[in-house]
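Structure record follows, encoded as structure tokens.
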Amino acid sequence: MSKVEGYITSIPDFPAPGVIFRDITTVVGDADGLQLAVDEMADTLAGVEFDAIAGLESRGFLFGMPMAYKLHKAFIPIRKAGKLPRATVSASYALEYGTATIEVHEQDIRPGMRIVLVDDLIATGGTLEAAAQLLRRCGAEVVQAVCLLELKGLHGRERLTACPVSTVVAYDGK
């Protein structure tokens, strides 16, 4: 069992009956929990050669930025459409009820860059898959995806076949 798992709060029947919501605000709201989460996520990158960490808005920023600082790497924000001021490259992907679009600054990605993709959670894998495709379209290589949590019952890892996926805490359900 991961040490950080003790800081995660499980909330039954939220947002719907039968769902167990895994709340990470109790991780980031505690100095020890936050430090453990960042350290354990960074530890998954031992031996991985990379140039930058890209984090998904907004919860990927919570962990990606301190990981980049700790490992002395650049941080690249992947944001929701319309939030970045310079020229961007975008990718749209399907949600349960509609679509979403993410963007990255075109100049932030150099061809051949080796990038680690960070988010708080891998569930269905759609957002991470779209981000990985976006970075590859820009000429980067996504060398690893790192998430604090994984909901194994949603099989998101199966959508990310082009790069290894590391998680710190995994739950069997949805």
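Residues in the structure tokens are named by chain (A, B, ... in the order shown) and by number from 1 within that chain; ligands are numbered from 1 in the order shown.
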
* Residues of chain A in helix (DSSP H, G or I) according to DSSP, as a ChimeraX atom specification? -> /A:3-7,25-28,31-43,59-71,106-108,126-137,152-154,156-159

* Backbone DSSP call of strand (DSSP E) for stretch 11-171 of chain A, listed as an MDAnalysis selection string -> chainID A and resid 11:12 20:23 52:56 74:80 88:95 98:105 114:122 141:151 165:171

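By only C-alpha atoms, and with residues fewer than 4 positions from stretch 140-153 of chain A along its chain excluded, the set lying at most 6 Å from it is Pro111, Gly112, Met113, Arg114, Ile115, Val116, Leu117, Val118, Asp119, Asp120, Leu121, Ile122, Ala123, Leu135, Arg136, Cys163, Pro164, Val165, Ser166, Thr167, Val168, Val169, Ala170, Tyr171, Asp172, Gly173 and Lys174 of chain A.
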
* Neighbours of A:Asp108 within 12 Å (only C-alpha atoms; same-chain residues fewer than 5 positions away dropped), as a VMD selection string? -> chain A and resid 51 to 54 74 to 78 84 86 to 89 103 113 115 135 138 to 140

How would the residues just chosen look if you wrote them out with N, CA and C atoms as an mmCIF file, in the first residue's frame?
```cif
data_model
loop_
_atom_site.group_PDB
_atom_site.id
_atom_site.type_symbol
_atom_site.label_atom_id
_atom_site.label_comp_id
_atom_site.auth_asym_id
_atom_site.auth_seq_id
_atom_site.Cartn_x
_atom_site.Cartn_y
_atom_site.Cartn_z
ATOM 1 N N ASP A 51 12.821 15.448 -21.121
ATOM 2 C CA ASP A 51 13.155 16.867 -21.179
ATOM 3 C C ASP A 51 12.207 17.753 -20.394
ATOM 4 N N ALA A 52 10.925 17.358 -20.329
ATOM 5 C CA ALA A 52 9.926 18.219 -19.709
ATOM 6 C C ALA A 52 8.766 17.382 -19.200
ATOM 7 N N ILE A 53 8.010 18.007 -18.298
ATOM 8 C CA ILE A 53 6.763 17.423 -17.808
ATOM 9 C C ILE A 53 5.630 18.278 -18.347
ATOM 10 N N ALA A 54 4.630 17.622 -18.933
ATOM 11 C CA ALA A 54 3.427 18.313 -19.382
ATOM 12 C C ALA A 54 2.294 17.905 -18.455
ATOM 13 N N ALA A 74 11.536 21.401 -17.222
ATOM 14 C CA ALA A 74 10.562 22.399 -17.648
ATOM 15 C C ALA A 74 9.151 21.852 -17.431
ATOM 16 N N PHE A 75 8.192 22.751 -17.280
ATOM 17 C CA PHE A 75 6.787 22.362 -17.159
ATOM 18 C C PHE A 75 6.010 22.975 -18.318
ATOM 19 N N ILE A 76 5.217 22.143 -18.986
ATOM 20 C CA ILE A 76 4.414 22.583 -20.119
ATOM 21 C C ILE A 76 2.942 22.402 -19.758
ATOM 22 N N PRO A 77 2.174 23.497 -19.699
ATOM 23 C CA PRO A 77 0.749 23.360 -19.392
ATOM 24 C C PRO A 77 -0.052 22.951 -20.629
ATOM 25 N N ILE A 78 -0.911 21.961 -20.452
ATOM 26 C CA ILE A 78 -1.896 21.594 -21.466
ATOM 27 C C ILE A 78 -3.223 22.092 -20.924
ATOM 28 N N LEU A 84 -4.815 29.825 -23.661
ATOM 29 C CA LEU A 84 -3.408 30.130 -23.913
ATOM 30 C C LEU A 84 -3.295 31.299 -24.896
ATOM 31 N N ARG A 86 -0.640 32.517 -26.849
ATOM 32 C CA ARG A 86 0.160 32.436 -28.076
ATOM 33 C C ARG A 86 -0.437 31.393 -29.022
ATOM 34 N N ALA A 87 0.179 31.206 -30.161
ATOM 35 C CA ALA A 87 -0.289 30.222 -31.147
ATOM 36 C C ALA A 87 -0.325 28.832 -30.510
ATOM 37 N N THR A 88 -1.415 28.123 -30.745
ATOM 38 C CA THR A 88 -1.600 26.812 -30.113
ATOM 39 C C THR A 88 -1.853 25.718 -31.144
ATOM 40 N N VAL A 89 -1.694 24.501 -30.666
ATOM 41 C CA VAL A 89 -2.103 23.297 -31.381
ATOM 42 C C VAL A 89 -3.148 22.659 -30.483
ATOM 43 N N GLU A 103 -5.363 22.321 -25.517
ATOM 44 C CA GLU A 103 -4.387 23.020 -26.344
ATOM 45 C C GLU A 103 -3.041 23.120 -25.629
ATOM 46 N N MET A 113 11.452 16.234 -28.535
ATOM 47 C CA MET A 113 11.386 16.343 -27.072
ATOM 48 C C MET A 113 10.836 15.056 -26.476
ATOM 49 N N ILE A 115 8.814 13.779 -23.369
ATOM 50 C CA ILE A 115 7.920 14.403 -22.403
ATOM 51 C C ILE A 115 7.232 13.358 -21.536
ATOM 52 N N LEU A 135 0.692 15.901 -28.189
ATOM 53 C CA LEU A 135 2.138 16.076 -28.056
ATOM 54 C C LEU A 135 2.884 15.367 -29.186
ATOM 55 N N CYS A 138 2.853 17.266 -32.348
ATOM 56 C CA CYS A 138 3.799 18.389 -32.295
ATOM 57 C C CYS A 138 5.243 17.925 -32.462
ATOM 58 N N GLY A 139 5.463 16.632 -32.572
ATOM 59 C CA GLY A 139 6.808 16.097 -32.776
ATOM 60 C C GLY A 139 7.490 15.575 -31.536
ATOM 61 N N ALA A 140 6.795 15.566 -30.414
ATOM 62 C CA ALA A 140 7.385 15.073 -29.162
ATOM 63 C C ALA A 140 7.165 13.570 -29.022
#
```

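Proximity to A:Lys73 was assessed for A:Gly18, A:Thr44, A:Gly98, A:Phe50 counting only C-alpha atoms; the smallest distance is recorded for A:Phe50.
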
* To do: Find the residue from A:Ser92, A:Ser10, A:Ser58, A:Gln35 that sits nearest to A:Ala131; use only C-alpha atoms when measuring.
  =>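 Selected residue with least distance to A:Ala131: A:Ser92.
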
* Can you list, as an MDAnalysis selection string, every protein, DNA or RNA residue that comes within 12 Å of A:Gly29 when you count only C-alpha atoms, leaving out same-chain residues fewer than 4 positions away? -> chainID A and resid 7:9 23:25 33:35 37 62

Suppose we keep all heavy atoms; can you now write the selection as a short mmCIF file (atom, residue, chain, number, x, y, z; two decimals), in the first residue's frame?
```
data_model
loop_
_atom_site.label_atom_id
_atom_site.label_comp_id
_atom_site.auth_asym_id
_atom_site.auth_seq_id
_atom_site.Cartn_x
_atom_site.Cartn_y
_atom_site.Cartn_z
N TYR A 7 -4.00 9.43 2.80
CA TYR A 7 -4.45 10.82 2.74
C TYR A 7 -5.65 11.02 1.80
O TYR A 7 -6.22 12.10 1.75
CB TYR A 7 -3.30 11.74 2.29
CG TYR A 7 -2.22 11.87 3.32
CD1 TYR A 7 -1.15 10.98 3.35
CD2 TYR A 7 -2.27 12.87 4.28
CE1 TYR A 7 -0.15 11.09 4.30
CE2 TYR A 7 -1.27 13.00 5.23
CZ TYR A 7 -0.22 12.10 5.24
OH TYR A 7 0.77 12.21 6.18
N ILE A 8 -5.99 9.99 1.03
CA ILE A 8 -7.11 10.08 0.09
C ILE A 8 -8.40 9.78 0.84
O ILE A 8 -8.48 8.80 1.58
CB ILE A 8 -6.92 9.08 -1.08
CG1 ILE A 8 -5.64 9.44 -1.85
CG2 ILE A 8 -8.14 9.07 -1.99
CD1 ILE A 8 -5.17 8.37 -2.80
N THR A 9 -9.41 10.60 0.63
CA THR A 9 -10.71 10.39 1.26
C THR A 9 -11.66 9.75 0.25
O THR A 9 -11.80 10.24 -0.87
CB THR A 9 -11.30 11.73 1.75
OG1 THR A 9 -10.39 12.31 2.68
CG2 THR A 9 -12.65 11.52 2.42
N ASP A 23 -11.35 11.52 -3.28
CA ASP A 23 -11.08 12.95 -3.11
C ASP A 23 -9.61 13.18 -2.81
O ASP A 23 -9.09 12.74 -1.78
CB ASP A 23 -11.95 13.48 -1.97
CG ASP A 23 -11.82 14.97 -1.76
OD1 ASP A 23 -11.22 15.66 -2.61
OD2 ASP A 23 -12.32 15.45 -0.73
N ILE A 24 -8.93 13.91 -3.71
CA ILE A 24 -7.51 14.21 -3.51
C ILE A 24 -7.29 15.55 -2.83
O ILE A 24 -6.15 15.90 -2.53
CB ILE A 24 -6.72 14.15 -4.83
CG1 ILE A 24 -7.22 15.24 -5.79
CG2 ILE A 24 -6.75 12.77 -5.44
CD1 ILE A 24 -6.22 15.63 -6.84
N THR A 25 -8.35 16.30 -2.57
CA THR A 25 -8.15 17.58 -1.89
C THR A 25 -7.61 17.36 -0.48
O THR A 25 -6.95 18.24 0.07
CB THR A 25 -9.42 18.44 -1.85
OG1 THR A 25 -10.44 17.77 -1.11
CG2 THR A 25 -9.90 18.77 -3.26
N GLY A 33 0.92 15.03 3.11
CA GLY A 33 0.27 14.30 2.02
C GLY A 33 0.72 14.80 0.66
O GLY A 33 1.01 14.00 -0.24
N LEU A 34 0.80 16.11 0.49
CA LEU A 34 1.25 16.70 -0.76
C LEU A 34 2.68 16.29 -1.07
O LEU A 34 3.01 15.87 -2.18
CB LEU A 34 1.11 18.21 -0.73
CG LEU A 34 1.62 18.96 -1.97
CD1 LEU A 34 0.91 18.51 -3.23
CD2 LEU A 34 1.47 20.46 -1.77
N GLN A 35 3.54 16.38 -0.07
CA GLN A 35 4.93 16.01 -0.28
C GLN A 35 5.07 14.54 -0.64
O GLN A 35 5.82 14.19 -1.56
CB GLN A 35 5.76 16.33 0.97
CG GLN A 35 7.24 16.15 0.75
CD GLN A 35 8.06 16.69 1.91
OE1 GLN A 35 7.63 16.65 3.05
NE2 GLN A 35 9.23 17.19 1.61
N ALA A 37 2.79 12.64 -2.11
CA ALA A 37 2.25 12.45 -3.46
C ALA A 37 3.26 12.85 -4.52
O ALA A 37 3.54 12.09 -5.46
CB ALA A 37 0.95 13.24 -3.63
N LEU A 62 -1.41 20.49 -10.34
CA LEU A 62 -1.16 20.33 -8.90
C LEU A 62 0.05 19.45 -8.63
O LEU A 62 0.78 19.66 -7.66
CB LEU A 62 -2.37 19.72 -8.20
CG LEU A 62 -3.65 20.53 -8.15
CD1 LEU A 62 -4.77 19.71 -7.55
CD2 LEU A 62 -3.44 21.81 -7.36
#
```

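Nearest residue to A:Ser2, choosing from A:Leu128, A:Ala16, A:Ala81, A:Met41 and counting only C-alpha atoms: A:Met41.
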
* **Which of A:Leu56, A:Pro66, A:Ala100, A:Ala94 sits closest to A:Arg79 [using only C-alpha atoms]** =>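 Looking at the shortest contact to A:Arg79, the residue is A:Leu56.
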
* Asked: For A:Glu5, which residue out of A:Met65, A:Val27, A:Leu160, A:Val38 is the nearest one, using only C-alpha atoms?
  -> A:Val27
